[in-house]
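Pasted below: data03.cif, mmCIF, C-alpha atoms.
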```
data_query
#
loop_
_atom_site.label_atom_id
_atom_site.label_comp_id
_atom_site.auth_asym_id
_atom_site.auth_seq_id
_atom_site.Cartn_x
_atom_site.Cartn_y
_atom_site.Cartn_z
CA LEU I 1 77.87 172.24 134.18
CA THR I 2 75.65 169.21 134.49
CA GLY I 3 74.80 166.49 132.04
CA GLN I 4 75.01 162.78 131.49
CA PRO I 5 78.40 161.13 130.91
CA GLY I 6 79.59 161.91 127.40
CA SER I 7 77.74 165.22 127.15
CA GLY I 8 80.95 167.19 126.67
CA ARG I 9 81.58 168.63 130.13
CA THR I 10 85.31 167.88 130.10
CA ALA I 11 85.72 169.22 126.56
CA LEU I 12 83.98 172.45 127.56
CA LEU I 13 86.22 172.81 130.61
CA ASP I 14 89.25 172.40 128.33
CA ALA I 15 87.92 175.10 126.00
CA VAL I 16 87.29 177.51 128.88
CA ALA I 17 90.73 176.85 130.35
CA ALA I 18 92.38 177.66 127.02
CA ASP I 19 90.27 180.78 126.47
CA CYS I 20 90.80 182.18 129.99
CA ALA I 21 94.53 181.55 130.32
CA ASP I 22 95.37 185.25 130.76
CA LEU I 23 92.19 186.40 132.46
CA ALA I 24 93.13 186.11 136.15
CA PRO I 25 96.36 187.02 137.98
CA ASP I 26 97.00 183.40 139.00
CA GLY I 27 95.89 182.02 135.65
CA VAL I 28 93.78 178.90 135.24
CA VAL I 29 93.88 176.07 137.77
CA ARG I 30 92.47 172.76 136.59
CA LEU I 31 91.40 170.31 139.30
CA ASN I 32 89.64 166.97 139.37
CA GLY I 33 87.01 166.37 142.02
CA ARG I 34 86.76 162.61 141.71
CA GLY I 35 86.96 161.18 145.22
CA ARG I 36 88.02 164.53 146.69
CA THR I 37 86.57 166.47 149.59
CA ALA I 38 86.47 170.26 149.83
CA THR I 39 89.66 170.18 151.91
CA ASP I 40 91.37 168.00 149.31
CA LEU I 41 90.49 170.51 146.60
CA LEU I 42 91.76 173.43 148.68
CA HIS I 43 95.09 171.66 149.18
CA ALA I 44 95.25 170.89 145.45
CA LEU I 45 94.62 174.57 144.69
CA PHE I 46 97.36 175.59 147.13
CA ASP I 47 99.82 173.09 145.64
CA THR I 48 99.15 174.35 142.12
CA VAL I 49 99.57 178.06 142.83
CA TYR I 50 102.31 178.05 145.47
CA LYS I 51 105.74 176.47 145.19
CA ALA I 52 106.01 174.65 148.49
CA PRO I 53 107.15 171.09 147.74
CA GLY I 54 106.86 168.76 150.70
CA HIS I 55 104.89 171.27 152.76
CA ARG I 56 101.29 170.63 153.78
CA PRO I 57 99.88 173.66 155.61
CA ASP I 58 97.58 173.29 158.57
CA ARG I 59 93.98 174.41 158.31
CA ASP I 60 94.49 178.04 159.31
CA GLU I 61 97.53 178.51 157.08
CA LEU I 62 95.75 176.84 154.17
CA LEU I 63 92.73 179.13 154.42
CA ALA I 64 94.93 182.21 154.72
CA HIS I 65 96.83 181.34 151.54
CA VAL I 66 93.92 180.25 149.33
CA ARG I 67 91.91 183.34 150.27
CA SER I 68 94.33 185.52 148.30
CA ILE I 69 94.43 183.30 145.19
CA GLY I 70 92.85 184.93 142.16
CA ALA I 71 92.36 182.29 139.49
CA VAL I 72 89.87 180.76 137.13
CA VAL I 73 89.36 177.31 138.64
CA THR I 74 87.84 174.44 136.68
CA VAL I 75 86.85 171.31 138.58
CA ASP I 76 85.88 168.22 136.61
CA ASP I 77 83.99 165.23 138.03
CA LEU I 78 82.88 167.19 141.08
CA GLU I 79 81.32 164.93 143.72
CA ILE I 80 80.74 167.30 146.64
CA GLY I 81 77.73 169.54 147.10
CA GLY I 82 75.76 171.28 149.81
CA ALA I 83 77.78 172.53 152.78
CA ALA I 84 81.03 171.02 151.46
CA LEU I 85 80.78 172.96 148.21
CA ASP I 86 79.85 176.11 150.12
CA GLU I 87 83.03 175.63 152.16
CA LEU I 88 85.15 175.49 149.00
CA LEU I 89 83.59 178.61 147.49
CA THR I 90 83.65 180.62 150.72
CA ALA I 91 87.34 179.88 151.25
CA THR I 92 88.27 181.22 147.79
CA PRO I 93 86.45 184.55 147.32
CA GLU I 94 88.84 185.79 144.61
CA CYS I 95 88.43 182.74 142.36
CA ALA I 96 85.94 182.18 139.56
CA PHE I 97 84.77 178.58 139.33
CA LEU I 98 83.49 176.41 136.52
CA LEU I 99 82.36 173.09 137.94
CA ALA I 100 81.41 169.96 136.03
CA ALA I 101 79.23 167.41 137.78
CA ALA I 102 76.90 164.60 136.87
CA SER I 103 73.20 165.38 136.78
CA ASP I 104 72.64 163.35 139.95
CA ALA I 105 75.39 165.14 141.93
CA ALA I 106 74.51 166.74 145.25
CA ALA I 107 72.98 170.18 144.81
CA PRO I 108 74.91 173.26 145.95
CA GLY I 109 73.66 175.28 148.89
CA VAL I 110 71.13 178.04 148.37
CA ASP I 111 73.79 180.69 149.00
CA ALA I 112 76.36 179.25 146.59
CA HIS I 113 75.61 181.81 143.84
CA LEU I 114 76.06 179.19 141.13
CA GLU I 115 74.20 179.03 137.85
CA GLU I 116 73.49 175.55 136.51
CA VAL I 117 73.96 174.94 132.80
CA LEU I 118 72.64 171.61 131.54
CA LEU I 119 74.53 170.27 128.54
CA ALA I 120 72.03 168.67 126.20
CA GLY I 121 72.83 166.76 123.02
CA LEU I 122 74.13 168.32 119.82
CA GLY I 123 71.93 169.03 116.84
CA ARG I 124 72.10 166.78 113.80
CA GLY I 125 74.31 169.13 111.79
CA ALA I 126 76.74 169.67 114.66
CA SER I 127 76.91 165.93 115.32
CA LEU I 128 77.84 165.21 111.71
CA SER I 129 80.42 168.01 111.76
CA LEU I 130 81.98 166.50 114.87
CA LEU I 131 82.08 163.12 113.17
CA GLU I 132 83.85 164.59 110.13
CA GLN I 133 86.32 166.34 112.41
CA VAL I 134 87.23 163.01 114.02
CA VAL I 135 87.65 161.09 110.74
CA GLU I 136 89.38 164.08 109.06
CA ARG I 137 87.57 163.63 105.75
CA PRO I 138 84.11 164.21 104.28
CA LEU I 139 81.55 161.54 105.02
CA THR I 140 80.14 159.41 102.25
CA GLU I 141 76.41 159.45 101.64
CA GLU I 142 76.11 156.03 103.25
CA GLU I 143 78.01 157.25 106.31
CA ARG I 144 75.87 160.39 106.57
CA ASN I 145 72.71 158.30 106.57
CA TRP I 146 74.19 156.00 109.21
CA ALA I 147 75.24 158.99 111.31
CA GLY I 148 71.76 160.50 111.02
CA ASP I 149 70.24 157.32 112.43
CA LEU I 150 72.88 157.33 115.18
CA TRP I 151 72.02 160.93 116.05
CA PHE I 152 68.38 159.99 116.51
CA GLU I 153 69.29 156.94 118.60
CA SER I 154 71.86 158.73 120.82
CA GLU I 155 70.02 162.07 121.12
CA GLY I 156 73.16 163.84 119.91
CA LEU I 157 75.44 162.75 122.76
CA PRO I 158 78.87 164.11 121.70
CA LEU I 159 80.85 161.15 123.03
CA ARG I 160 78.90 158.79 120.79
CA PHE I 161 80.07 160.71 117.72
CA VAL I 162 83.67 160.81 118.89
CA GLN I 163 83.52 157.05 119.31
CA ALA I 164 81.61 156.61 116.04
CA GLY I 165 84.34 158.56 114.29
CA SER I 166 86.90 156.22 115.81
CA LEU I 167 84.93 153.27 114.43
CA LEU I 168 85.07 154.83 110.97
CA VAL I 169 88.81 155.46 111.30
CA GLN I 170 89.31 151.83 112.29
CA ARG I 171 87.18 150.81 109.31
CA ASP I 172 89.32 152.96 107.00
CA ARG I 173 92.41 151.23 108.33
CA LEU I 174 90.95 147.78 107.80
CA ASN I 175 89.88 148.65 104.25
CA ALA I 176 93.15 150.39 103.34
CA GLY I 177 96.01 148.86 101.42
CA PRO I 178 99.51 148.37 102.82
CA ASP I 179 100.65 151.72 101.37
CA ALA I 180 98.41 153.47 103.88
CA PHE I 181 100.86 152.68 106.68
CA ASP I 182 104.33 154.02 107.35
CA ASP I 183 107.29 152.22 108.92
CA THR I 184 105.84 152.61 112.41
CA ASP I 185 102.43 151.25 111.35
CA TYR I 186 100.56 154.54 111.67
CA PHE I 187 97.72 155.30 109.29
CA GLN I 188 98.59 157.98 106.74
CA PRO I 189 95.57 159.89 105.35
CA ARG I 190 95.66 160.38 101.58
CA PRO I 191 96.40 163.95 100.44
CA ASP I 192 93.40 165.88 99.17
CA ASP I 193 94.92 166.19 95.69
CA ALA I 194 95.94 162.53 95.40
CA PRO I 195 94.32 160.50 92.61
CA PRO I 196 91.58 158.11 93.70
CA ALA I 197 92.98 154.90 95.10
CA ALA I 198 91.99 151.57 93.70
CA ALA I 199 89.52 149.69 95.84
CA MET I 200 91.42 147.49 98.28
CA PRO I 201 89.85 144.43 99.89
CA ALA I 202 90.02 143.94 103.62
CA ALA I 203 92.17 141.25 105.15
CA ASP I 204 89.38 138.69 104.85
CA GLY I 205 88.81 139.49 101.19
CA ALA I 206 85.70 141.67 101.64
CA ASP I 207 85.14 145.31 102.50
CA VAL I 208 84.48 145.90 106.17
CA PRO I 209 80.88 147.13 106.41
CA LEU I 210 79.69 150.06 108.46
CA PRO I 211 79.00 149.20 112.09
CA SER I 212 75.42 148.38 112.89
CA LEU I 213 73.32 151.03 114.57
CA GLY I 214 73.57 149.07 117.81
CA GLU I 215 77.37 149.01 117.57
CA GLY I 216 77.40 152.75 116.91
CA ALA I 217 75.17 153.47 119.90
CA ALA I 218 77.19 151.20 122.22
CA PRO I 219 80.60 151.05 120.52
CA ALA I 220 82.95 150.17 123.38
CA LEU I 221 83.11 146.43 122.65
CA LEU I 222 83.84 146.84 118.94
CA LEU I 223 86.35 149.64 119.54
CA ALA I 224 88.19 147.60 122.15
CA SER I 225 88.32 144.52 119.91
CA ARG I 226 90.35 146.50 117.34
CA LEU I 227 92.86 148.01 119.77
CA SER I 228 96.41 146.86 120.28
CA GLU I 229 96.97 144.23 122.95
CA ALA I 230 98.70 146.82 125.16
CA ALA I 231 95.69 149.14 124.94
CA ARG I 232 93.28 146.31 125.74
CA ALA I 233 95.38 145.32 128.75
CA THR I 234 95.40 148.94 129.94
CA LEU I 235 91.64 149.09 129.54
CA ARG I 236 91.27 145.93 131.64
CA PHE I 237 93.34 147.56 134.40
CA ALA I 238 91.13 150.67 134.25
CA VAL I 239 87.95 148.62 134.56
CA ALA I 240 89.38 146.61 137.46
CA LEU I 241 90.40 149.83 139.24
CA GLY I 242 86.95 151.38 138.98
CA GLY I 243 87.80 153.79 136.19
CA GLU I 244 91.28 154.80 137.34
CA VAL I 245 94.11 154.31 134.86
CA PRO I 246 97.61 153.33 136.02
CA HIS I 247 100.27 155.99 135.57
CA GLN I 248 101.75 156.09 132.10
CA ALA I 249 105.24 155.37 133.42
CA HIS I 250 104.05 152.16 135.09
CA LEU I 251 102.24 150.68 132.10
CA PRO I 252 105.24 149.03 130.38
CA ALA I 253 105.95 146.96 133.51
CA LEU I 254 102.30 146.19 134.19
CA VAL I 255 101.46 145.22 130.63
CA GLY I 256 104.78 143.64 129.72
CA ASP I 257 105.27 145.84 126.65
CA THR I 258 107.98 148.49 126.40
CA HIS I 259 105.70 150.62 124.21
CA ALA I 260 102.63 150.29 126.44
CA ASP I 261 102.84 153.96 127.47
CA ALA I 262 101.39 154.78 124.05
CA ALA I 263 98.23 152.88 124.97
CA LEU I 264 96.77 155.91 126.75
CA GLY I 265 96.83 157.91 123.54
CA GLU I 266 95.25 155.04 121.67
CA LEU I 267 92.43 154.80 124.21
CA ALA I 268 91.91 158.57 124.29
CA ASN I 269 91.73 158.75 120.50
CA CYS I 270 88.95 156.16 120.58
CA GLY I 271 86.95 158.04 123.18
CA LEU I 272 87.40 155.24 125.71
CA LEU I 273 89.49 157.39 128.04
CA SER I 274 88.94 160.95 129.21
CA PRO I 275 91.77 163.25 130.32
#
```

Let me see the structure of the file written as structure tokens.
Amino acid sequence: LTGQPGSGRTALLDAVAADCADLAPDGVVRLNGRGRTATDLLHALFDTVYKAPGHRPDRDELLAHVRSIGAVVTVDDLEIGGAALDELLTATPECAFLLAAASDAAAPGVDAHLEEVLLAGLGRGASLSLLEQVVERPLTEEERNWAGDLWFESEGLPLRFVQAGSLLVQRDRLNAGPDAFDDTDYFQPRPDDAPPAAAMPAADGADVPLPSLGEGAAPALLLASRLSEAARATLRFAVALGGEVPHQAHLPALVGDTHADAALGELANCGLLSP
């Protein structure tokens, strides 16, 4: 799978992993190729299938064990190509692979027997359906028109509509009255059969308008400005670490907030963090 960032490669890998759970004798093995060589991926495959804590096999033992593994293997953020990718595939003849790589990733060798599938943008109808799925309610006419312009601007990139949905959810929160929140300050959607709520002003006394088209096409700054302080601090760590996020268990100490471990969910829900 190739495509630009945000084209849905990770989401498609997740869907395949769920659909193929019982297809192979060793099940589905999900790996991440970011910063990993072919040997690293072979060791990760071994560690996932075999229970051998604390044991790192030598090269010959590793190849002997992975050769007999029969699994559906998904690899996200693959960085290797050419001879290195050929090495991975040759060492695992009983595995079926689904690989996700950026469009500019190194090409596989001519004998790799891989078929490339380029993930293009969604159609207008699918983009609006995705947006409604994120906000968990029908879109207003104004929102549909805004989303149509966003679709044209973003060429249907799925991530943009996940993030746009998060902007609309944040807008709903800002425009909602105090009864929309429970004791833990989580937004509670109104039941479908509830009577229409009276219009509630935002905190500054005016309804929060829809984001501009520019904010919808590049929403990270606006999304981040509305996050909790713990989530913003976590995001700063991720940027400083080149896209790597500290482990969830370490966040409370790093951020200075005992509830900072919830920041990962907050970032993921906004489309600012991928699994």

Residues matched by the PyMOL selection byres ((chain I and resi 63) around 12) as a list in words: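 In the shown coordinates, the PyMOL selection byres ((chain I and resi 63) around 12) covers Ala38, Thr39, Leu41, Leu42, His43, Leu45, Phe46, Pro57, Asp58, Arg59, Asp60, Glu61, Leu62, Ala64, His65, Val66, Arg67, Ser68, Ile69, Glu87, Leu88, Leu89, Thr90, Ala91, Thr92 and Pro93 of chain I.
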
message: Once the PyMOL selection byres ((chain I and resi 132-138) around 6) is applied to the coordinates I shared, what remains selected? I want it as an NGL selection string.
response: :I and (129-131 or 139 or 165 or 169)

- request: Record the distance separating atom CA of I:Pro246 and atom CA of I:Ala44, expressed in Å with one decimal.
  value: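 Interatomic distance, atom CA of I:Pro246 to atom CA of I:Ala44: 20.1 Å.
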
Residue with smallest distance to I:Ala106 - pool I:Leu122, I:Ile80, I:Asp149, I:Gly54, counting all atoms listed in the file: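 Of I:Leu122, I:Ile80, I:Asp149, I:Gly54, the one nearest I:Ala106 is I:Ile80, counting all atoms listed in the file.
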
- prompt: For this file, the PyMOL selection byres ((chain I and resi 81) around 8) selects which residues, as a ChimeraX atom specification?
  reply: /I:79-80,82-86,105-109

query: What lies within 12 Å of I:Ala268 using all atoms listed in the file, ignoring chain neighbours under 5 positions off, as a list in words?
result: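 Residues meeting the cut-off are Leu159, Val162, Gln163, Ser166, Leu223, Ala224, Leu227, Ala231, Thr234, Leu235, Val245, Ala262, Ala263, Leu273, Ser274 and Pro275 of chain I.
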
- request: Just give me the residues with any atom within 12 Å of (73.6, 178.1, 136.5), file coordinates, counting only C-alpha atoms, written as an MDAnalysis selection string.
  value: chainID I and resid 1:2 97:100 107:108 112:119

- prompt: How many Å separate atom CA of I:Gly33 from atom CA of I:Ala230?
  reply: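 These two atoms are separated by 28.3 Å.
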
- request: Would you please work out which residue, of I:His259, I:Val72, I:Val208, I:Pro53, is nearest to I:Glu94 when using all atoms listed in the file?
  value: I:Val72

- prompt: Which is closer to I:Leu78 than all the others in I:Leu150, I:Ala240, I:Ala102, I:Ala164, using all atoms listed in the file?
  reply: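 Comparing I:Leu150, I:Ala240, I:Ala102, I:Ala164 against I:Leu78, the winner is I:Ala102.
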
query: Of the candidates I:Arg56, I:Glu142, I:Gly8, I:Val73, which one gets nearest to I:Ala21 if we count only C-alpha atoms?
result: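 Residue with the minimum atom-to-atom distance to I:Ala21: I:Val73.
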
Residue nearest I:Gly6 among I:Trp146, I:Phe237, I:Phe161, I:Trp151 (counting all atoms listed in the file):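 So, comparing all the options, the nearest one is I:Phe161.
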
- request: Record the distance separating atom CA of I:Ala126 and atom CA of I:Asp14, expressed in Å with one decimal.
  value: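 We find that atom CA of I:Ala126 and atom CA of I:Asp14 lie 18.7 Å from each other.
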
query: Hey, which of I:Gly214, I:Gly271, I:Gly27, I:Gly125 ends up closest to I:Ser154? Count only C-alpha atoms.
result: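 Comparing I:Gly214, I:Gly271, I:Gly27, I:Gly125 against I:Ser154, the winner is I:Gly214.
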
Set up a box along x, y and z of the file covering all listed atoms of stretch 4-9 of chain I, add 3 Å on every one of the six sides, and write the centre and edge lengths in Å to one decimal, as lines of an AutoDock Vina configuration file.
```
center_x = 78.3
center_y = 164.9
center_z = 129.1
size_x = 12.6
size_y = 13.5
size_z = 10.8
```

message: as a PyMOL selection string, please: the residues near I:Gly148 (cut-off 9 Å, only C-alpha atoms, same-chain neighbours under 3 positions excluded).
response: chain I and resi 124+127-128+143-145+151-153

Store the residues picked out above, limited to C-alpha atoms, as a short mmCIF file (atom, residue, chain, number, x, y, z; two decimals), in the frame of the given file.
```
data_model
loop_
_atom_site.label_atom_id
_atom_site.label_comp_id
_atom_site.auth_asym_id
_atom_site.auth_seq_id
_atom_site.Cartn_x
_atom_site.Cartn_y
_atom_site.Cartn_z
CA ARG I 124 72.10 166.78 113.80
CA SER I 127 76.91 165.93 115.32
CA LEU I 128 77.84 165.21 111.71
CA GLU I 143 78.01 157.25 106.31
CA ARG I 144 75.87 160.39 106.57
CA ASN I 145 72.71 158.30 106.57
CA TRP I 151 72.02 160.93 116.05
CA PHE I 152 68.38 159.99 116.51
CA GLU I 153 69.29 156.94 118.60
#
```
